Each structure stands twice: as C-alpha cells, then as structure tokens.
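Source file: upload04.txt; contents: compact mmCIF, C-alpha atoms.
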# COMPACT_ATOMS: atom_id res chain seq x y z
CA MET T 65 39.52 90.15 163.65
CA ALA T 66 40.44 88.44 160.37
CA LYS T 67 38.19 88.62 157.32
CA LYS T 68 37.11 85.34 155.73
CA TYR T 69 35.15 84.77 152.55
CA ALA T 70 32.78 82.02 151.47
CA PHE T 71 32.41 81.73 147.69
CA LEU T 72 29.12 80.54 146.16
CA PHE T 73 29.50 79.55 142.50
CA PRO T 74 26.44 79.62 140.18
CA GLY T 75 25.38 76.89 137.79
CA GLN T 76 23.78 76.62 134.37
CA GLY T 77 21.13 79.21 133.68
CA ALA T 78 23.35 82.00 135.02
CA GLN T 79 24.97 82.58 131.63
CA ALA T 80 24.40 85.82 129.73
CA PRO T 81 25.88 87.25 126.51
CA GLY T 82 28.75 89.61 127.25
CA MET T 83 29.44 88.26 130.73
CA VAL T 84 32.67 89.36 132.46
CA LYS T 85 33.78 91.48 129.50
CA ASP T 86 34.35 94.54 131.69
CA VAL T 87 36.18 92.37 134.24
CA ALA T 88 38.57 91.12 131.56
CA GLU T 89 39.11 94.67 130.30
CA SER T 90 39.90 95.93 133.81
CA PHE T 91 41.93 93.02 135.20
CA PRO T 92 44.72 91.45 133.07
CA SER T 93 44.63 88.37 135.30
CA ALA T 94 40.99 87.77 134.34
CA LYS T 95 41.75 88.17 130.64
CA LYS T 96 44.61 85.71 131.05
CA VAL T 97 42.17 83.12 132.46
CA ILE T 98 39.99 83.49 129.37
CA ASP T 99 42.99 83.21 127.04
CA ASP T 100 44.34 80.18 128.91
CA VAL T 101 41.01 78.39 128.67
CA SER T 102 40.94 79.12 124.93
CA SER T 103 44.36 77.48 124.57
CA ILE T 104 43.46 74.43 126.67
CA ILE T 105 40.27 73.51 124.79
CA ASP T 106 41.00 75.18 121.43
CA VAL T 107 37.88 77.37 121.57
CA ASP T 108 37.84 81.16 121.25
CA MET T 109 36.37 81.89 124.68
CA SER T 110 36.29 85.66 124.15
CA LYS T 111 34.02 85.12 121.17
CA LEU T 112 31.88 82.56 123.00
CA LEU T 113 31.46 84.76 126.08
CA TRP T 114 30.92 88.10 124.37
CA ASP T 115 29.58 87.47 120.86
CA SER T 116 27.24 84.49 121.33
CA ASP T 117 23.48 84.90 121.53
CA ALA T 118 21.42 83.55 124.42
CA ASP T 119 20.36 80.38 122.56
CA THR T 120 23.95 79.45 121.73
CA LEU T 121 25.06 80.02 125.31
CA SER T 122 22.21 77.92 126.72
CA ARG T 123 23.59 74.71 125.20
CA SER T 124 25.37 72.57 127.80
CA ASP T 125 28.47 72.25 125.62
CA ASN T 126 28.76 76.06 125.65
CA SER T 127 27.22 77.23 128.93
CA GLN T 128 29.21 74.95 131.22
CA ILE T 129 32.64 76.01 130.00
CA ALA T 130 31.50 79.64 129.66
CA ILE T 131 30.19 79.93 133.22
CA THR T 132 33.21 78.13 134.64
CA THR T 133 35.55 80.44 132.74
CA ALA T 134 33.63 83.48 133.96
CA SER T 135 33.80 82.33 137.58
CA LEU T 136 37.52 81.58 137.38
CA ALA T 137 38.19 84.95 135.72
CA ILE T 138 36.37 86.72 138.56
CA MET T 139 38.32 84.64 141.09
CA ALA T 140 41.57 85.81 139.51
CA ALA T 141 40.48 89.45 139.75
CA LEU T 142 39.44 88.95 143.39
CA LYS T 143 42.83 87.42 144.15
CA ASP T 144 44.44 90.60 142.81
CA LYS T 145 42.47 92.41 145.52
CA GLY T 146 43.71 90.01 148.18
CA ILE T 147 40.37 88.19 148.37
CA GLU T 148 40.52 84.38 148.41
CA PRO T 149 37.98 81.82 149.66
CA SER T 150 38.01 80.20 153.10
CA ALA T 151 35.03 78.03 152.10
CA ALA T 152 33.56 77.12 148.72
CA MET T 153 30.35 75.64 147.44
CA GLY T 154 28.82 75.55 144.00
CA PHE T 155 25.34 75.04 142.69
CA SER T 156 25.25 72.19 140.16
CA LEU T 157 27.94 73.06 137.57
CA GLY T 158 29.24 75.58 140.12
CA GLU T 159 30.73 72.68 142.06
CA PHE T 160 33.56 72.58 139.52
CA PRO T 161 34.93 76.10 140.05
CA ALA T 162 34.45 75.29 143.75
CA LEU T 163 36.70 72.23 143.29
CA TYR T 164 39.35 74.52 141.81
CA ALA T 165 38.89 77.06 144.61
CA ALA T 166 39.40 74.29 147.19
CA GLY T 167 42.52 72.93 145.49
CA VAL T 168 40.86 69.62 144.55
CA LEU T 169 41.51 70.08 140.82
CA SER T 170 44.15 72.15 139.05
CA PHE T 171 43.19 74.92 136.62
CA GLU T 172 43.90 72.80 133.55
CA GLU T 173 42.14 69.76 135.00
CA VAL T 174 38.95 71.60 135.89
CA ILE T 175 38.76 73.17 132.43
CA LYS T 176 39.26 69.84 130.65
CA VAL T 177 36.78 68.05 132.92
CA VAL T 178 34.08 70.72 132.55
CA ARG T 179 34.55 70.76 128.78
CA GLN T 180 33.96 67.00 128.58
CA ARG T 181 31.05 67.19 131.03
CA GLY T 182 29.30 69.77 128.87
CA LEU T 183 29.81 67.80 125.66
CA ILE T 184 28.54 64.60 127.26
CA MET T 185 25.46 66.19 128.80
CA GLN T 186 24.54 68.03 125.59
CA ALA T 187 24.73 64.79 123.59
CA VAL T 188 22.45 62.96 126.05
CA CYS T 189 19.98 65.87 126.07
CA GLU T 190 19.79 65.72 122.28
CA GLU T 191 19.17 61.96 122.41
CA ILE T 192 16.31 62.45 124.87
CA ALA T 193 14.82 65.20 122.70
CA ALA T 194 15.02 62.98 119.61
CA ALA T 195 13.21 60.19 121.46
CA ASN T 196 10.44 62.65 122.37
CA GLU T 197 9.66 63.88 118.86
CA GLY T 198 12.11 66.76 119.07
CA HIS T 199 10.64 68.22 122.25
CA ALA T 200 13.60 69.24 124.35
CA PRO T 201 13.74 67.99 127.96
CA GLY T 202 14.59 70.49 130.65
CA MET T 203 13.81 71.91 134.07
CA SER T 204 11.05 74.03 135.59
CA ALA T 205 11.19 76.16 138.74
CA ILE T 206 8.08 75.81 140.89
CA ILE T 207 7.68 78.90 143.04
CA GLY T 208 5.38 79.26 146.01
CA LEU T 209 4.84 75.64 147.01
CA PRO T 210 6.58 73.72 149.82
CA PRO T 211 9.31 71.35 148.58
CA GLU T 212 7.37 68.38 149.93
CA LYS T 213 4.36 69.26 147.76
CA VAL T 214 6.51 69.70 144.65
CA LYS T 215 8.12 66.31 145.27
CA GLU T 216 4.66 64.76 145.64
CA ILE T 217 3.62 66.24 142.29
CA ALA T 218 6.78 65.04 140.54
CA ASP T 219 6.46 61.55 142.03
CA GLY T 220 3.03 61.26 140.43
CA ILE T 221 4.19 62.06 136.89
CA PRO T 222 6.33 59.65 134.82
CA ASP T 223 9.72 61.14 133.87
CA ALA T 224 9.36 64.10 136.27
CA TYR T 225 11.73 64.44 139.23
CA ALA T 226 12.28 66.93 142.05
CA ALA T 227 15.84 67.94 141.21
CA ASN T 228 16.98 71.12 142.95
CA MET T 229 16.02 72.08 146.50
CA ASN T 230 16.65 75.79 145.96
CA SER T 231 14.79 77.29 148.92
CA VAL T 232 11.68 76.88 151.03
CA LYS T 233 9.86 78.82 148.32
CA GLN T 234 11.39 77.30 145.19
CA THR T 235 11.97 73.74 143.99
CA VAL T 236 13.09 72.76 140.50
CA ILE T 237 11.67 69.78 138.61
CA SER T 238 13.60 67.96 135.87
CA GLY T 239 11.99 65.87 133.15
CA THR T 240 10.97 65.33 129.59
CA PHE T 241 9.07 68.09 127.78
CA ASP T 242 5.71 66.42 128.30
CA ALA T 243 6.45 65.58 131.95
CA LEU T 244 7.38 69.18 132.69
CA THR T 245 4.24 70.45 130.99
CA ALA T 246 2.13 68.15 133.16
CA ALA T 247 4.07 69.08 136.32
CA GLU T 248 3.72 72.81 135.66
CA LYS T 249 -0.03 72.42 135.20
CA ALA T 250 -0.38 70.33 138.37
CA ALA T 251 1.72 72.77 140.39
CA THR T 252 -0.32 75.75 139.22
CA GLU T 253 -3.54 73.96 140.10
CA ALA T 254 -2.07 73.18 143.55
CA GLY T 255 -1.50 76.87 144.22
CA ALA T 256 2.01 77.57 142.95
CA ARG T 257 2.58 81.26 142.39
CA ARG T 258 4.61 80.54 139.27
CA ALA T 259 5.94 77.66 137.17
CA LEU T 260 8.88 78.82 135.09
CA ARG T 261 10.66 76.79 132.39
CA LEU T 262 14.40 77.40 132.84
CA LYS T 263 16.99 78.30 130.21
CA VAL T 264 18.92 75.05 130.45
CA ALA T 265 19.58 72.36 127.89
CA GLY T 266 18.37 69.29 129.72
CA PRO T 267 16.81 67.42 132.66
CA PHE T 268 19.75 67.67 135.02
CA HIS T 269 20.11 65.99 138.42
CA CYS T 270 17.70 63.16 137.75
CA PRO T 271 17.81 59.54 136.50
CA LEU T 272 17.28 60.67 132.90
CA MET T 273 20.98 61.65 132.93
CA GLN T 274 22.27 58.17 133.84
CA LYS T 275 23.96 57.68 130.47
CA ALA T 276 25.75 61.00 130.93
CA ALA T 277 26.86 59.91 134.41
CA ASP T 278 28.23 56.63 133.04
CA ASN T 279 30.19 58.44 130.33
CA PHE T 280 31.45 61.13 132.71
CA GLU T 281 32.68 58.48 135.13
CA LYS T 282 35.01 57.26 132.38
CA VAL T 283 36.35 60.79 131.91
CA LEU T 284 37.16 61.06 135.62
CA GLN T 285 38.72 57.61 135.88
CA ASP T 286 42.31 58.85 135.51
CA VAL T 287 41.81 62.30 137.04
CA THR T 288 43.39 62.81 140.46
CA PHE T 289 41.22 64.57 143.04
CA ASN T 290 43.25 66.19 145.83
CA GLU T 291 42.09 66.65 149.42
CA PRO T 292 40.14 69.92 149.86
CA LYS T 293 42.28 72.68 151.39
CA ILE T 294 39.23 74.60 152.65
CA PRO T 295 35.69 73.56 153.62
CA LEU T 296 33.95 72.30 150.48
CA PHE T 297 30.31 71.28 150.26
CA SER T 298 28.45 68.61 148.31
CA ASN T 299 25.20 68.98 146.38
CA VAL T 300 24.71 65.23 146.67
CA THR T 301 24.96 64.93 150.47
CA GLY T 302 24.06 68.48 151.47
CA LYS T 303 27.04 68.38 153.85
CA GLN T 304 30.69 69.36 153.98
CA ALA T 305 32.71 66.98 151.82
CA ALA T 306 34.66 64.46 153.87
CA ASP T 307 37.59 63.76 151.58
CA ALA T 308 38.84 63.55 147.99
CA ALA T 309 37.37 60.08 147.42
CA GLU T 310 33.89 61.28 148.35
CA VAL T 311 34.25 64.37 146.15
CA LYS T 312 35.20 62.27 143.13
CA LYS T 313 32.33 59.84 143.71
CA SER T 314 29.87 62.69 144.12
CA ALA T 315 31.03 64.34 140.89
CA VAL T 316 29.46 61.40 139.05
CA LEU T 317 26.41 60.92 141.29
CA HIS T 318 25.84 64.64 140.91
CA LEU T 319 24.38 64.15 137.43
CA THR T 320 21.52 61.92 138.58
CA HIS T 321 20.93 63.14 142.14
CA SER T 322 19.10 66.14 143.56
CA VAL T 323 20.91 69.33 144.54
CA LEU T 324 20.44 69.69 148.31
CA TRP T 325 21.25 73.38 148.30
CA THR T 326 19.22 74.39 151.35
CA ASP T 327 21.05 71.77 153.41
CA GLU T 328 24.41 73.11 152.26
CA GLU T 329 23.42 76.66 153.12
CA ALA T 330 22.53 75.55 156.66
CA VAL T 331 25.90 73.80 157.13
CA LEU T 332 27.83 76.83 155.87
CA ALA T 333 25.79 79.13 158.13
CA SER T 334 26.60 76.88 161.09
CA ILE T 335 30.34 77.06 160.38
CA ILE T 336 30.17 80.85 160.16
CA ARG T 337 28.04 81.15 163.30
CA ASN T 338 30.50 79.02 165.30
CA ASP T 339 33.55 80.98 164.14
CA SER T 340 33.31 84.01 166.40
CA SER T 341 36.99 84.88 166.00
CA ASN T 342 36.59 85.85 162.34
CA GLU T 343 34.40 88.19 160.31
CA TRP T 344 32.82 86.43 157.32
CA ALA T 345 31.50 87.72 154.02
CA ILE T 346 29.68 85.71 151.37
CA LEU T 347 30.42 86.38 147.71
CA GLU T 348 28.88 84.99 144.52
CA PRO T 349 31.74 85.10 141.96
CA GLY T 350 30.04 84.35 138.67
CA PRO T 351 27.42 85.61 136.26
CA GLY T 352 24.03 86.57 137.67
CA LYS T 353 22.85 86.76 141.26
CA VAL T 354 20.63 83.69 141.67
CA LEU T 355 22.50 82.27 144.65
CA THR T 356 22.52 85.63 146.39
CA GLY T 357 18.75 85.66 146.02
CA LEU T 358 18.39 82.13 147.39
CA TRP T 359 20.65 82.93 150.36
CA GLY T 360 18.47 85.96 151.04
CA GLN T 361 15.44 83.68 151.42
CA THR T 362 17.08 81.77 154.28
CA GLU T 363 16.87 82.58 157.97
CA PHE T 364 20.57 83.50 157.83
CA GLY T 365 20.23 86.01 155.01
CA ALA T 366 18.84 88.75 157.23
CA THR T 367 22.02 88.97 159.32
CA LEU T 368 24.66 88.05 156.70
CA ALA T 369 23.95 89.00 153.10
CA SER T 370 25.52 87.44 150.02
CA ILE T 371 27.07 89.83 147.50
CA PRO T 372 27.02 89.09 143.74
CA VAL T 373 30.43 89.78 142.22
CA ASN T 374 30.35 89.84 138.43
CA THR T 375 31.48 93.30 137.32
CA ALA T 376 34.71 95.27 137.57
CA GLU T 377 32.86 97.92 139.55
CA GLY T 378 31.62 95.30 142.01
CA ILE T 379 35.09 93.83 142.47
CA ASN T 380 36.66 97.24 143.03
CA ALA T 381 33.98 98.09 145.60
CA LEU T 382 35.03 95.24 147.90
Represent the structure from my file as structure tokens, please.
Amino acid sequence: MAKKYAFLFPGQGAQAPGMVKDVAESFPSAKKVIDDVSSIIDVDMSKLLWDSDADTLSRSDNSQIAITTASLAIMAALKDKGIEPSAAMGFSLGEFPALYAAGVLSFEEVIKVVRQRGLIMQAVCEEIAAANEGHAPGMSAIIGLPPEKVKEIADGIPDAYAANMNSVKQTVISGTFDALTAAEKAATEAGARRALRLKVAGPFHCPLMQKAADNFEKVLQDVTFNEPKIPLFSNVTGKQAADAAEVKKSAVLHLTHSVLWTDEEAVLASIIRNDSSNEWAILEPGPGKVLTGLWGQTEFGATLASIPVNTAEGINAL
C-alpha cells in the first residue's frame, strides 16, 4: 500500500520569532529556500524570521512572506526525506504555498505574488486604521458558539463580518476596531466561552478589503496560473478547485470572501475515505499547529490525525 500525504498550510497568525531556524540549520535545502527568497525580494529573510519581534512579524507586509518562506523551507526539507504532497490546501495566506505545492505557481512567482499581496494588504489596513482614529482593524475568534449564531451577531453590527469558518466550535469575525469590540461583547453575552482578538494586521476575508482585492487583481493580471497537478482546495468555494482559471479568480475573491475551511476539510476527508488503495497521512508544514487543532475538532480527526511539522526533530521523526 502506497503512502500519500495531504499538506495543510497555515495562514497569518501562525508566525513566531525564530521560526524554522533549526530546520534551516539541519537541512541545507531549507536554508537555500530562505536565501533564494532573500534574493528574489531583496529582504534579509534570515533576519526577518529569526531576529524580528512579534509586533514586527505581525504586520501583513512581514508575516505573509515570512510564513510562506517558512512553509516552503519545510517543504524542501520534507522532499529530502522523500515526502511530497498528493493533495494540498491552505488556510487564508496558506493557499499560496499550496499553489506552489500543486504546481500552479513557480517558486519565484509565488514569492513575488505573496510579497505584493502583503504590501497591498498592509497599506489598506493602515488606511482603515487612520479612518478610525488610529484604532487598528482586525479579527476576533469566537469560541464556543455555533457558526450560525456568530454570523447572526456579525450581521447585526456595522462593519463586522463572519470571515473564517474554522470549526463547529470556532468562527472568526473580521471588522473595524469598534465593530470587533461590539461583536466580542455580544458574543460573550450570548454564551461564547471566549472572544479572542487575533494577532493579525487587518480585517481579512471581508468587504473591508475590497481595495486590496482590486489592487491585487492588477498584480495577478500577467501572472500565469498552471493547472493543479494534485487535488487543490479553495477557501472561497469550500471545494476542490476545478481548474487554473478558477484558482486565479479565487485568489482575488479570497481577500473579500469567507474562508470555508470546514467544507474543505470534509471534501479532503471524503477523498481520503474513498481511496482505500493508499495509506494517507496529514501534515501541517508551517509554523504553529492551528490547523492540526482544527482538524482534531472534526469527526475525521479521531481516526486520522494531522501532524504539525515545523521543527527538524519533527521532520526527522517522519
């Protein structure tokens, strides 16, 4: 029986100072990824990844390229071990390393595109903050309420939007500072176990990012998207991506539309369940273990666990 791997790539919020340093020290291929990214965008990625503080890394213009670089470095180390993906899906920003994993974008293209995406989104976030008396917009995780209830709360508050369908227990709201404050209060009063402001730079996956979407569409205009070589999944549709044209369209819609993560998990689980001739493993190649935790909250997690892969020790243990 052959072994197949599904890769789940994390998004913004997963960043941490010092990430993948031990991986780069243990695997020359991973260090080469970091050096190549530095050359492509003219930024010292070793310094950004390992010497930046948490506040610096939380900015979209830093976190997006940092997390993508970390995920690609881990992918390179996994490849050295003979481990490559047979399916790929990414959460929010994580869709871009997934595009590389699926052969949709080349290494250089995905780095250039993510760099521009981060710069564009950071600029729009700063504009929104300036229009709200310096109060930064963002996202809040509402834990312990059904997604339908969280959506109802967000729908009743101007500039608040249900953005990420993380699990049956957790939904993320995007919005302005004041909208999030009101939504957190309403959710707590409705019985939420916790309302947690996330370490992200802006109100992603909602209409407040329309200007960013418009600008990012211009960036992608001359970028060629290839047909996926392996099953690839879409945050926008919650399904397996049909073709390159849909993937390119969704890359723009992605900025203003909700992340239908629970739907994607169900589709991936169905593919694995129907493939009885192969043994599957699920890996999370990137900083943190958020997606592993979300997978564990599903009905599939009890029989097939996800494994976070973000250290040299973890890679060598596979």
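With CA of Trp114 (chain T) on one side and CA of Ala78 (chain T) on the other, the separation reads 14.4 Å.
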In Å to one decimal, how far is CA of Leu262 (chain T) from CA of Val331 (chain T)?
27.1 Å
Between T:Lys67, T:His318, T:His199, T:Lys215, which has the minimum distance to Ala276 (chain T) (counting all atoms listed in the file)?
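Selected residue with least distance to Ala276 (chain T): T:His318.
Checking T:Pro92, T:Gly154, T:Pro295, T:Gly220 one by one against Phe73 (chain T), counting all atoms listed in the file, you find the shortest gap at T:Gly154.
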Using all atoms listed in the file, collect all residues at a distance of at most 8 Å from (21.4, 63.1, 137.9) as written in the file, then present them as number ranges by chain.
T: 268-274, 277, 317-322
Return the single residue from T:Phe289, T:Ala381, T:Leu209, T:Leu121 that is closest to Phe160 (chain T), with distances computed using all atoms listed in the file.
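Of T:Phe289, T:Ala381, T:Leu209, T:Leu121, the one nearest Phe160 (chain T) is T:Phe289, counting all atoms listed in the file.
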Which residues are near Arg257 (chain T)? Cut-off 10 Å, only C-alpha atoms, ignore same chain within fewer than 2 positions. Put them as an MDAnalysis selection string.
chainID T and resid 206:209 233 251:255 259:260
Could you check which of T:Ala200, T:Ala247, T:Thr120, T:Glu329 is closest to Pro222 (chain T), using all atoms listed in the file?
T:Ala247
Glu281 (chain T) environment, 12 Å, only C-alpha atoms, sequence neighbours closer than 6 positions dropped, as an mmCIF file with C-alpha atoms, in the frame of the given file:
data_model
loop_
_atom_site.group_PDB
_atom_site.id
_atom_site.type_symbol
_atom_site.label_atom_id
_atom_site.label_comp_id
_atom_site.auth_asym_id
_atom_site.auth_seq_id
_atom_site.Cartn_x
_atom_site.Cartn_y
_atom_site.Cartn_z
ATOM 1 C CA VAL T 177 36.780 68.050 132.920
ATOM 2 C CA GLN T 180 33.960 67.000 128.580
ATOM 3 C CA ARG T 181 31.050 67.190 131.030
ATOM 4 C CA ILE T 184 28.540 64.600 127.260
ATOM 5 C CA GLN T 274 22.270 58.170 133.840
ATOM 6 C CA LYS T 275 23.960 57.680 130.470
ATOM 7 C CA VAL T 287 41.810 62.300 137.040
ATOM 8 C CA LYS T 312 35.200 62.270 143.130
ATOM 9 C CA LYS T 313 32.330 59.840 143.710
ATOM 10 C CA SER T 314 29.870 62.690 144.120
ATOM 11 C CA ALA T 315 31.030 64.340 140.890
ATOM 12 C CA VAL T 316 29.460 61.400 139.050
ATOM 13 C CA LEU T 317 26.410 60.920 141.290
ATOM 14 C CA HIS T 318 25.840 64.640 140.910
ATOM 15 C CA LEU T 319 24.380 64.150 137.430
#
Could you give me, as a ChimeraX atom specification, the residues that sit within 8 Å of (28.7, 72.0, 155.6) in the file's coordinates, counting only C-alpha atoms?
/T:295-297,302-305,327-332,334-335
